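Okay, my_file-v1.txt now, which holds compact mmCIF, C-alpha atoms:
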# COMPACT_ATOMS: atom_id res chain seq x y z
CA MET S 5 39.39 -37.70 -18.78
CA LEU S 6 40.44 -35.13 -16.21
CA VAL S 7 37.56 -33.12 -14.77
CA GLU S 8 39.28 -31.08 -12.05
CA PHE S 9 42.50 -30.89 -10.12
CA SER S 10 42.73 -29.11 -6.76
CA VAL S 11 45.71 -28.19 -4.59
CA GLY S 12 46.14 -26.31 -1.33
CA ASN S 13 49.04 -25.38 0.94
CA TYR S 14 51.64 -26.51 -1.55
CA ARG S 15 54.48 -24.30 -2.75
CA SER S 16 52.88 -20.98 -3.76
CA PHE S 17 49.31 -22.26 -3.29
CA LYS S 18 48.12 -21.22 0.17
CA GLU S 19 44.36 -21.62 -0.06
CA ARG S 20 42.84 -24.51 -2.00
CA GLN S 21 42.70 -23.70 -5.71
CA THR S 22 40.86 -25.70 -8.39
CA PHE S 23 41.81 -26.04 -12.05
CA SER S 24 38.85 -27.24 -14.10
CA MET S 25 38.53 -28.86 -17.53
CA ILE S 26 34.74 -28.55 -17.51
CA ALA S 27 33.56 -26.88 -20.71
CA GLY S 28 31.63 -23.62 -20.59
CA LYS S 29 28.08 -23.02 -21.76
CA LYS S 30 29.04 -22.61 -25.42
CA PRO S 31 32.19 -24.71 -25.86
CA SER S 32 34.00 -25.40 -29.13
CA HIS S 33 36.91 -27.71 -28.31
CA GLU S 34 35.19 -30.31 -26.18
CA PHE S 35 33.86 -33.86 -25.96
CA LYS S 36 31.05 -35.56 -24.10
CA THR S 37 31.67 -37.46 -20.87
CA GLY S 38 28.59 -39.69 -20.86
CA PHE S 39 27.53 -38.08 -17.55
CA LYS S 40 24.78 -35.58 -16.96
CA SER S 41 27.21 -33.47 -14.95
CA PRO S 42 29.73 -32.57 -16.15
CA GLU S 43 28.33 -33.20 -19.61
CA ARG S 44 31.35 -31.93 -21.57
CA LEU S 45 35.07 -31.56 -20.95
CA LEU S 46 37.69 -29.50 -22.77
CA THR S 47 40.30 -31.05 -25.04
CA SER S 48 42.88 -28.43 -23.98
CA ALA S 49 43.48 -25.59 -21.54
CA VAL S 50 46.27 -23.06 -21.08
CA LEU S 51 47.56 -21.36 -17.94
CA LEU S 52 49.03 -17.88 -18.50
CA GLY S 53 50.67 -15.55 -16.02
CA ALA S 54 53.70 -13.50 -15.11
CA ASN S 55 57.01 -15.14 -14.22
CA ALA S 56 57.01 -16.49 -10.65
CA SER S 57 53.21 -16.26 -10.45
CA GLY S 58 52.81 -19.99 -9.78
CA LYS S 59 52.04 -21.53 -13.19
CA SER S 60 54.78 -24.13 -12.88
CA ASN S 61 53.69 -24.98 -9.35
CA LEU S 62 50.39 -26.33 -10.66
CA ILE S 63 52.33 -28.78 -12.84
CA LYS S 64 54.57 -29.62 -9.88
CA ALA S 65 51.50 -30.28 -7.75
CA MET S 66 50.14 -32.67 -10.36
CA ASP S 67 53.52 -34.36 -10.53
CA PHE S 68 53.69 -34.78 -6.75
CA PHE S 69 50.13 -36.15 -6.70
CA LYS S 70 50.89 -38.79 -9.31
CA GLY S 71 54.30 -39.69 -7.92
CA PHE S 72 53.02 -40.17 -4.38
CA VAL S 73 50.15 -42.37 -5.54
CA VAL S 74 52.40 -44.55 -7.70
CA LYS S 75 55.40 -44.80 -5.39
CA SER S 76 54.35 -44.32 -1.75
CA ALA S 77 53.61 -48.00 -1.11
CA VAL S 78 56.66 -49.42 -2.88
CA GLN S 79 59.49 -46.88 -2.68
CA LYS S 80 59.21 -45.77 0.93
CA THR S 81 59.78 -47.47 4.24
CA ARG S 82 58.41 -46.60 7.66
CA GLY S 83 59.79 -43.26 8.85
CA ASP S 84 60.83 -41.95 5.41
CA GLN S 85 60.07 -38.28 4.90
CA ILE S 86 57.33 -37.27 2.47
CA LYS S 87 58.68 -34.59 0.16
CA THR S 88 55.78 -32.18 0.15
CA VAL S 89 56.43 -28.42 0.34
CA PRO S 90 53.86 -26.35 2.28
CA PHE S 91 53.27 -22.63 1.66
CA ALA S 92 56.21 -20.93 3.39
CA PHE S 93 55.08 -17.33 3.87
CA SER S 94 52.58 -17.86 6.65
CA ASN S 95 52.99 -19.15 10.20
CA ASN S 96 49.62 -20.87 9.83
CA THR S 97 50.62 -23.07 6.91
CA ARG S 98 54.23 -24.20 7.46
CA GLU S 99 53.25 -27.03 9.80
CA GLN S 100 49.92 -27.85 8.14
CA PRO S 101 49.27 -30.62 5.59
CA SER S 102 49.21 -30.04 1.85
CA GLU S 103 46.06 -31.11 0.02
CA PHE S 104 45.66 -32.71 -3.42
CA GLU S 105 42.55 -33.96 -5.21
CA ALA S 106 41.68 -35.11 -8.73
CA ILE S 107 38.28 -35.79 -10.25
CA PHE S 108 38.43 -37.94 -13.38
CA VAL S 109 36.36 -40.20 -15.61
CA TYR S 110 37.59 -43.70 -16.45
CA LYS S 111 35.74 -46.77 -17.69
CA LYS S 112 32.29 -45.19 -17.27
CA GLN S 113 32.99 -44.24 -13.67
CA MET S 114 33.73 -40.80 -12.23
CA TYR S 115 36.22 -40.87 -9.38
CA GLN S 116 36.99 -38.21 -6.79
CA TYR S 117 40.24 -39.05 -5.06
CA GLY S 118 42.39 -36.96 -2.76
CA PHE S 119 44.60 -36.80 0.30
CA ARG S 120 46.10 -34.39 2.83
CA VAL S 121 49.72 -35.02 3.73
CA ASP S 122 52.64 -33.41 5.53
CA GLN S 123 56.27 -34.52 5.65
CA LYS S 124 55.56 -37.22 8.26
CA ARG S 125 52.18 -38.75 7.53
CA VAL S 126 48.98 -38.93 5.52
CA TRP S 127 46.35 -37.07 7.53
CA GLU S 128 43.35 -37.79 5.34
CA GLU S 129 42.57 -39.84 2.26
CA TRP S 130 39.29 -40.34 0.42
CA LEU S 131 37.86 -41.97 -2.68
CA TYR S 132 34.33 -41.62 -4.06
CA VAL S 133 32.91 -43.12 -7.25
CA THR S 134 29.89 -42.21 -9.37
CA PRO S 135 28.72 -44.82 -11.92
CA GLN S 136 27.60 -43.63 -15.35
CA GLY S 137 23.96 -44.00 -16.37
CA GLY S 138 20.64 -44.17 -14.62
CA GLU S 139 18.29 -41.37 -13.66
CA LYS S 140 20.40 -40.36 -10.68
CA GLU S 141 24.18 -40.17 -10.72
CA THR S 142 24.95 -40.63 -7.05
CA ALA S 143 28.44 -40.82 -5.60
CA ARG S 144 29.35 -43.77 -3.38
CA THR S 145 32.11 -43.71 -0.77
CA LEU S 146 34.69 -46.42 -1.39
CA PHE S 147 36.83 -45.43 1.58
CA GLU S 148 37.74 -42.60 3.94
CA ARG S 149 40.77 -42.44 6.18
CA THR S 150 41.35 -39.74 8.83
CA PHE S 151 44.07 -39.45 11.46
CA ASP S 152 42.69 -38.72 14.95
CA GLU S 153 45.37 -36.65 16.67
CA GLU S 154 43.96 -37.23 20.14
CA LYS S 155 43.78 -41.01 19.77
CA LYS S 156 46.98 -41.14 17.66
CA SER S 157 45.30 -43.55 15.29
CA TYR S 158 43.38 -43.63 12.00
CA GLN S 159 39.63 -43.74 11.72
CA TRP S 160 38.46 -45.79 8.72
CA ARG S 161 35.25 -46.07 6.71
CA PHE S 162 34.62 -48.60 3.90
CA PRO S 163 30.93 -48.21 2.98
CA SER S 164 31.25 -49.58 -0.57
CA LEU S 165 34.63 -51.29 -0.75
CA ALA S 166 34.85 -55.05 -1.13
CA GLY S 167 37.82 -57.28 -0.38
CA GLN S 168 40.35 -57.77 2.40
CA LYS S 169 39.94 -54.31 3.92
CA LYS S 170 41.46 -55.16 7.32
CA THR S 171 44.56 -56.65 5.70
CA TRP S 172 45.05 -53.61 3.48
CA GLN S 173 44.38 -51.25 6.38
CA ASP S 174 46.94 -52.92 8.63
CA ALA S 175 49.54 -52.90 5.84
CA THR S 176 49.19 -49.16 5.15
CA ARG S 177 52.02 -47.15 6.70
CA ASP S 178 51.54 -43.63 8.06
CA ASN S 179 53.65 -42.27 5.18
CA ALA S 180 51.91 -44.28 2.45
CA LEU S 181 48.53 -44.10 0.74
CA PHE S 182 45.85 -46.70 1.30
CA LEU S 183 44.98 -46.66 -2.41
CA SER S 184 48.56 -47.52 -3.34
CA THR S 185 48.91 -50.19 -0.66
CA ALA S 186 45.60 -51.92 -1.40
CA VAL S 187 46.39 -52.10 -5.13
CA GLN S 188 49.79 -53.63 -4.37
CA LEU S 189 47.88 -56.24 -2.33
CA ASN S 190 45.55 -57.02 -5.25
CA SER S 191 42.44 -54.92 -4.65
CA GLU S 192 40.49 -55.31 -7.87
CA GLN S 193 38.01 -52.53 -7.06
CA LEU S 194 40.75 -49.92 -6.54
CA LYS S 195 42.84 -50.94 -9.53
CA ALA S 196 40.93 -48.75 -12.02
CA PRO S 197 41.50 -45.37 -10.30
CA PHE S 198 45.12 -46.30 -9.57
CA ASP S 199 45.67 -47.31 -13.20
CA TRP S 200 44.23 -44.03 -14.48
CA ILE S 201 46.62 -42.03 -12.29
CA GLU S 202 49.60 -44.18 -13.26
CA GLU S 203 48.93 -44.72 -16.96
CA TYR S 204 46.69 -41.90 -18.18
CA PHE S 205 47.94 -38.85 -16.25
CA HIS S 206 51.25 -37.71 -17.77
CA ILE S 207 53.13 -34.71 -16.37
CA LEU S 208 56.26 -33.05 -17.74
CA ASP S 209 58.29 -30.13 -16.41
CA GLU S 210 59.25 -29.03 -19.93
CA PRO S 211 59.00 -30.27 -23.55
CA ASN S 212 62.62 -31.40 -23.93
CA MET S 213 62.15 -33.97 -21.16
CA PHE S 214 60.92 -36.31 -23.89
CA PRO S 215 64.09 -38.21 -24.89
CA LYS S 216 64.71 -38.17 -28.64
CA ARG S 217 65.75 -41.81 -28.50
CA PHE S 218 62.15 -42.77 -27.67
CA THR S 219 60.94 -41.49 -31.04
CA ALA S 220 63.95 -43.01 -32.79
CA ARG S 221 63.37 -46.40 -31.14
CA LEU S 222 59.72 -46.44 -32.21
CA ILE S 223 60.74 -45.76 -35.80
CA VAL S 224 63.13 -48.72 -35.78
CA GLU S 225 61.46 -51.25 -33.48
CA GLU S 226 57.75 -50.59 -33.95
CA GLN S 227 57.70 -49.46 -37.55
CA ARG S 228 56.19 -46.07 -36.74
CA HIS S 229 58.22 -44.33 -39.44
CA LYS S 230 55.21 -43.35 -41.57
CA ASP S 231 53.17 -41.95 -38.66
CA ILE S 232 56.07 -39.99 -37.18
CA LEU S 233 57.15 -38.59 -40.55
CA SER S 234 53.57 -37.54 -41.25
CA PHE S 235 53.42 -35.81 -37.86
CA ILE S 236 56.68 -33.92 -38.37
CA SER S 237 56.12 -33.04 -42.02
CA ASN S 238 52.66 -31.69 -41.27
CA ILE S 239 54.37 -29.20 -38.99
CA ASP S 240 57.50 -28.60 -41.11
CA ARG S 241 56.72 -29.33 -44.77
CA ASN S 242 60.37 -29.01 -45.76
CA ILE S 243 61.15 -32.29 -43.95
CA ILE S 244 60.46 -35.15 -46.35
CA GLY S 245 62.22 -38.06 -44.68
CA ILE S 246 63.74 -39.52 -41.52
CA GLU S 247 66.70 -41.87 -41.50
CA VAL S 248 67.52 -43.79 -38.32
CA SER S 249 70.31 -46.29 -37.76
CA GLU S 250 70.95 -48.17 -34.55
CA LYS S 251 74.08 -49.57 -33.01
CA LYS S 252 75.14 -51.02 -29.71
CA TRP S 253 76.41 -48.58 -27.14
CA GLU S 254 80.17 -48.82 -26.67
CA GLU S 255 82.52 -47.77 -23.92
CA SER S 256 84.47 -45.71 -26.46
CA ASN S 257 81.59 -43.20 -26.42
CA LEU S 258 82.82 -41.98 -23.03
CA PRO S 259 85.57 -39.35 -22.71
CA ASP S 260 89.01 -40.64 -21.71
CA ASP S 261 89.34 -38.29 -18.75
CA MET S 262 86.11 -39.39 -17.05
CA PRO S 263 86.69 -40.67 -13.46
CA ASP S 264 86.74 -44.48 -13.33
CA LEU S 265 84.02 -44.74 -10.67
CA ILE S 266 81.55 -42.71 -12.77
CA LYS S 267 82.64 -44.50 -15.93
CA GLN S 268 81.95 -47.93 -14.44
CA GLU S 269 78.47 -46.87 -13.31
CA ILE S 270 77.63 -45.62 -16.80
CA ILE S 271 79.02 -48.77 -18.42
CA LYS S 272 76.89 -50.89 -16.08
CA ALA S 273 73.76 -48.89 -16.91
CA MET S 274 74.34 -48.66 -20.65
CA SER S 275 75.89 -52.03 -21.50
CA GLU S 276 72.69 -53.43 -23.01
CA GLU S 277 71.44 -50.17 -24.48
CA LYS S 278 71.27 -49.17 -28.14
CA ILE S 279 72.03 -45.75 -29.51
CA PHE S 280 70.44 -44.19 -32.55
CA ASP S 281 71.81 -41.92 -35.24
CA VAL S 282 69.03 -39.76 -36.64
CA SER S 283 69.05 -37.58 -39.74
CA LEU S 284 66.20 -35.53 -41.14
CA VAL S 285 65.90 -35.30 -44.91
CA HIS S 286 65.08 -31.82 -46.23
CA LYS S 287 63.77 -30.78 -49.63
CA THR S 288 66.13 -28.37 -51.42
CA GLU S 289 65.23 -25.52 -53.73
CA ASP S 290 66.47 -27.44 -56.78
CA GLY S 291 64.09 -30.33 -56.06
CA HIS S 292 66.67 -32.65 -54.49
CA SER S 293 67.13 -33.69 -50.88
CA TYR S 294 69.71 -33.01 -48.21
CA LYS S 295 70.30 -34.85 -44.91
CA ILE S 296 71.01 -33.04 -41.65
CA ASP S 297 71.99 -34.82 -38.46
CA LEU S 298 69.35 -34.26 -35.80
CA SER S 299 71.94 -32.76 -33.45
CA GLU S 300 72.55 -30.00 -36.03
CA GLU S 301 68.89 -29.06 -36.30
CA SER S 302 67.37 -26.15 -34.38
CA ASP S 303 66.30 -26.59 -30.77
CA GLY S 304 62.68 -26.39 -31.89
CA THR S 305 63.08 -29.15 -34.47
CA GLN S 306 64.87 -31.38 -31.97
CA ILE S 307 62.10 -30.84 -29.43
CA MET S 308 59.47 -31.60 -32.08
CA PHE S 309 61.24 -34.86 -32.95
CA GLY S 310 61.31 -35.80 -29.27
CA LEU S 311 57.63 -34.89 -28.91
CA ALA S 312 56.48 -36.77 -32.02
CA ALA S 313 56.14 -40.32 -30.72
CA PRO S 314 54.89 -39.40 -27.22
CA LEU S 315 52.26 -37.06 -28.66
CA LEU S 316 51.09 -39.75 -31.07
CA ASP S 317 50.78 -42.16 -28.13
CA ILE S 318 48.88 -39.61 -26.05
CA LEU S 319 46.42 -38.91 -28.86
CA GLU S 320 45.93 -42.58 -29.74
CA GLU S 321 45.48 -43.74 -26.15
CA GLY S 322 43.35 -40.85 -24.91
CA TRP S 323 45.83 -39.83 -22.22
CA ILE S 324 46.16 -36.50 -20.42
CA LEU S 325 49.35 -34.47 -20.87
CA ALA S 326 50.13 -31.65 -18.44
CA ILE S 327 53.29 -29.85 -19.54
CA ASP S 328 55.12 -26.76 -18.33
CA GLU S 329 56.29 -24.13 -20.82
CA LEU S 330 55.17 -25.94 -23.95
CA ASN S 331 56.20 -22.88 -25.93
CA LYS S 332 59.86 -23.28 -24.93
CA SER S 333 62.07 -23.28 -28.05
CA LEU S 334 59.02 -23.72 -30.29
CA HIS S 335 57.97 -21.31 -33.02
CA PRO S 336 54.45 -20.00 -32.30
CA LEU S 337 53.12 -21.77 -35.40
CA LEU S 338 54.51 -25.10 -34.15
CA LEU S 339 52.87 -24.51 -30.81
CA LYS S 340 49.56 -23.76 -32.50
CA ALA S 341 49.93 -26.91 -34.62
CA ILE S 342 50.35 -29.09 -31.51
CA ILE S 343 47.28 -27.54 -29.89
CA GLY S 344 45.40 -28.06 -33.14
CA LEU S 345 46.01 -31.81 -32.95
CA PHE S 346 44.05 -31.97 -29.69
CA HIS S 347 41.29 -29.75 -31.10
CA ASN S 348 40.91 -31.89 -34.22
CA LEU S 349 38.54 -34.68 -33.25
CA ASN S 350 39.42 -36.58 -36.41
CA VAL S 351 42.92 -36.91 -34.94
CA ASN S 352 42.01 -36.82 -31.27
CA LYS S 353 39.48 -39.64 -31.44
CA ASN S 354 39.93 -40.95 -27.89
CA ASN S 355 39.44 -37.76 -25.87
CA ALA S 356 43.06 -36.94 -25.07
CA GLN S 357 43.57 -33.70 -23.15
CA LEU S 358 46.38 -31.14 -23.16
CA ILE S 359 47.08 -28.82 -20.22
CA PHE S 360 50.00 -26.45 -20.58
CA THR S 361 51.55 -23.30 -19.21
CA GLY S 362 53.38 -20.62 -21.14
CA HIS S 363 53.82 -17.00 -22.15
CA GLU S 364 53.04 -17.19 -25.87
CA THR S 365 49.89 -15.09 -26.29
CA CYS S 366 49.33 -15.93 -29.98
CA ILE S 367 47.64 -19.17 -28.93
CA LEU S 368 44.77 -17.13 -27.49
CA GLU S 369 43.57 -16.82 -31.08
CA ASP S 370 42.91 -20.59 -31.09
CA MET S 371 41.55 -20.95 -27.55
CA GLU S 372 38.01 -20.28 -26.42
CA ARG S 373 37.26 -18.29 -23.28
CA ASP S 374 36.67 -21.38 -21.13
CA GLN S 375 40.08 -22.81 -22.08
CA VAL S 376 42.14 -19.98 -20.58
CA TRP S 377 43.28 -19.70 -16.97
CA LEU S 378 45.40 -17.01 -15.33
CA THR S 379 47.71 -17.00 -12.32
CA GLU S 380 47.89 -14.01 -10.00
CA LYS S 381 50.10 -13.67 -6.94
CA GLY S 382 48.84 -12.02 -3.79
CA GLN S 383 50.70 -9.58 -1.56
CA TYR S 384 52.47 -12.36 0.32
CA GLY S 385 53.26 -14.62 -2.61
CA ASP S 386 50.13 -16.81 -2.66
CA THR S 387 48.92 -17.98 -6.08
CA GLN S 388 45.34 -17.75 -7.23
CA LEU S 389 43.98 -19.64 -10.25
CA ILE S 390 41.52 -17.44 -12.11
CA PRO S 391 39.41 -18.61 -15.08
CA LEU S 392 39.28 -16.09 -17.90
CA LEU S 393 35.50 -16.46 -17.86
CA SER S 394 35.42 -14.67 -14.51
CA TYR S 395 36.36 -11.47 -16.38
CA LYS S 396 33.28 -11.96 -18.62
CA PRO S 397 35.02 -11.29 -21.94
CA ARG S 398 32.80 -10.89 -25.00
CA LYS S 399 32.71 -13.88 -27.34
CA ASP S 400 34.13 -11.78 -30.18
CA GLU S 401 36.70 -10.02 -28.01
CA ASP S 402 40.34 -9.97 -29.08
CA LYS S 403 41.63 -11.98 -26.12
CA ARG S 404 45.29 -11.53 -27.00
CA LYS S 405 45.01 -7.75 -27.20
CA ALA S 406 42.95 -7.55 -24.01
CA TYR S 407 45.43 -9.75 -22.14
CA LEU S 408 48.44 -7.69 -23.24
CA GLN S 409 46.60 -4.53 -22.19
CA GLY S 410 46.30 -5.98 -18.70
CA ARG S 411 42.51 -6.22 -18.72
CA TYR S 412 42.63 -9.80 -17.43
CA GLY S 413 45.61 -9.48 -15.10
CA GLY S 414 48.29 -12.16 -15.20
CA LEU S 415 50.97 -9.73 -16.46
CA PRO S 416 54.32 -8.75 -14.94
CA ASP S 417 54.45 -5.28 -13.37
CA ILE S 418 56.76 -3.74 -15.98
CA GLU S 419 56.27 -0.14 -14.83
CA ARG S 420 57.31 -1.02 -11.30
CA LEU S 421 60.28 -2.99 -12.63
CA VAL S 422 61.50 -0.09 -14.77
CA ASN S 423 60.70 2.85 -12.52
CA GLY S 424 61.16 1.21 -9.14
Could you quickly redo this structure as structure tokens?
Amino acid sequence: MLVEFSVGNYRSFKERQTFSMIAGKKPSHEFKTGFKSPERLLTSAVLLGANASGKSNLIKAMDFFKGFVVKSAVQKTRGDQIKTVPFAFSNNTREQPSEFEAIFVYKKQMYQYGFRVDQKRVWEEWLYVTPQGGEKETARTLFERTFDEEKKSYQWRFPSLAGQKKTWQDATRDNALFLSTAVQLNSEQLKAPFDWIEEYFHILDEPNMFPKRFTARLIVEEQRHKDILSFISNIDRNIIGIEVSEKKWEESNLPDDMPDLIKQEIIKAMSEEKIFDVSLVHKTEDGHSYKIDLSEESDGTQIMFGLAAPLLDILEEGWILAIDELNKSLHPLLLKAIIGLFHNLNVNKNNAQLIFTGHETCILEDMERDQVWLTEKGQYGDTQLIPLLSYKPRKDEDKRKAYLQGRYGGLPDIERLVNG
């Protein structure tokens, strides 16, 4: 369960900004955490704002956070550059570290983990844990790591961490995270927060990044045909069947005029792969059926097919999905149906969460006030994350109408665009 995610001095985020999944005082789409504070978290949240206002940069920040945790200890060597991007429009930030922090609940523990990093080194790293239960929920420090610029060395604290701390400390490079390194060297105590970041926190730049072959493979290899058909037909009732056939990938699938060097690389990568032919079966007006190859379906239907299996996994496993422009190529009713899956606790039994950006305002009809966030850009391009609740909308207010009227901000300046 994601509680909060914070980012500072990264892309369009100059000052530290915090995106929260903590439910408001009178939530509707929420579940209990088992903690006294926060007691409830939201099942979904949306981030709205004008183009270039920084919505996508929040997803990119989450993606960087996860990628650096998972890969810094195993895919970098000493001296490799860290690919963080500080806020560019200020002399005070270009050479300063970027900051990332996530607070999350996993296995009856609440973790607060973060780090500050520039392109050369990790400047700070910290991890705190709060156990569930008891009269007092008190956070314990597992470790803190800070680079002392004068001494040119790290200062370390391990008040509550067990294991071979000195070995893990000595093995941690300047451009790698201690959390990642210690887990690679078999720290049992740090495995849980690392596993949550790696396995539970899923980030996508856009919906069509889900490969359609993943859904097709699950239909064939894991017998998920019934579940996936139910998912798709609940959204498009005209689809009554899915037919999938598999065959071995063959070199003849490549064009004849492809350069040999590229062709050989593809052959090497694909030689053991299978390809899938997918057709969707539609109900006709005369009561019969008609098959259409998936490639001939609309972009929205193809995206929905690609989303089907991953969304089922996310809902069944209780994962978090943060996705940019979920509305892309989707009819508003399809978008609302996806959101509805996360709101339906009979479907979403394991506390999965959906975080998404977009422009489709119709979804405001299905979102409560505490589920809506807005992005605003300052005079010099810095992004601010603003909860809709800060505008104190009435509970019965037409949020869509108010948003389009500009009462909440987060809109493009059309008048300036047209009139100059």
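In this structure, atom CA of S:Met5 sits 16.7 Å away from atom CA of S:Leu345.
One finds atom CA of S:Leu62 at 26.1 Å from atom CA of S:Lys111.
The spacing separating atom CA of S:Glu321 from atom CA of S:Leu349 amounts to 13.4 Å.
Each of S:Lys340, S:Asn13, S:Asn61, S:Glu320 was checked against S:Glu99 using only C-alpha atoms; the smallest atom-to-atom distance is that of S:Asn13.
Shortest atom-to-atom contact with S:Tyr384 among S:Phe91, S:Tyr14, S:Asp122, S:Gln85: S:Phe91, counting only C-alpha atoms.
Of the residues listed (S:Thr379, S:Met308, S:Ala180, S:Glu128), S:Met308 shows the shortest atom-to-atom separation from S:Asn238; distances use all atoms listed in the file.
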Please provide the set of residues having any atom within 7 Å of S:Asp386, restricted to all atoms listed in the file, with same-chain residues fewer than 6 positions apart removed, written as an mmCIF file with C-alpha atoms, in the coordinates of the input.
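Result file is selection_24.cif:
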data_model
loop_
_atom_site.group_PDB
_atom_site.id
_atom_site.type_symbol
_atom_site.label_atom_id
_atom_site.label_comp_id
_atom_site.auth_asym_id
_atom_site.auth_seq_id
_atom_site.Cartn_x
_atom_site.Cartn_y
_atom_site.Cartn_z
ATOM 1 C CA SER S 16 52.880 -20.980 -3.760
ATOM 2 C CA PHE S 17 49.310 -22.260 -3.290
ATOM 3 C CA LYS S 18 48.120 -21.220 0.170
#
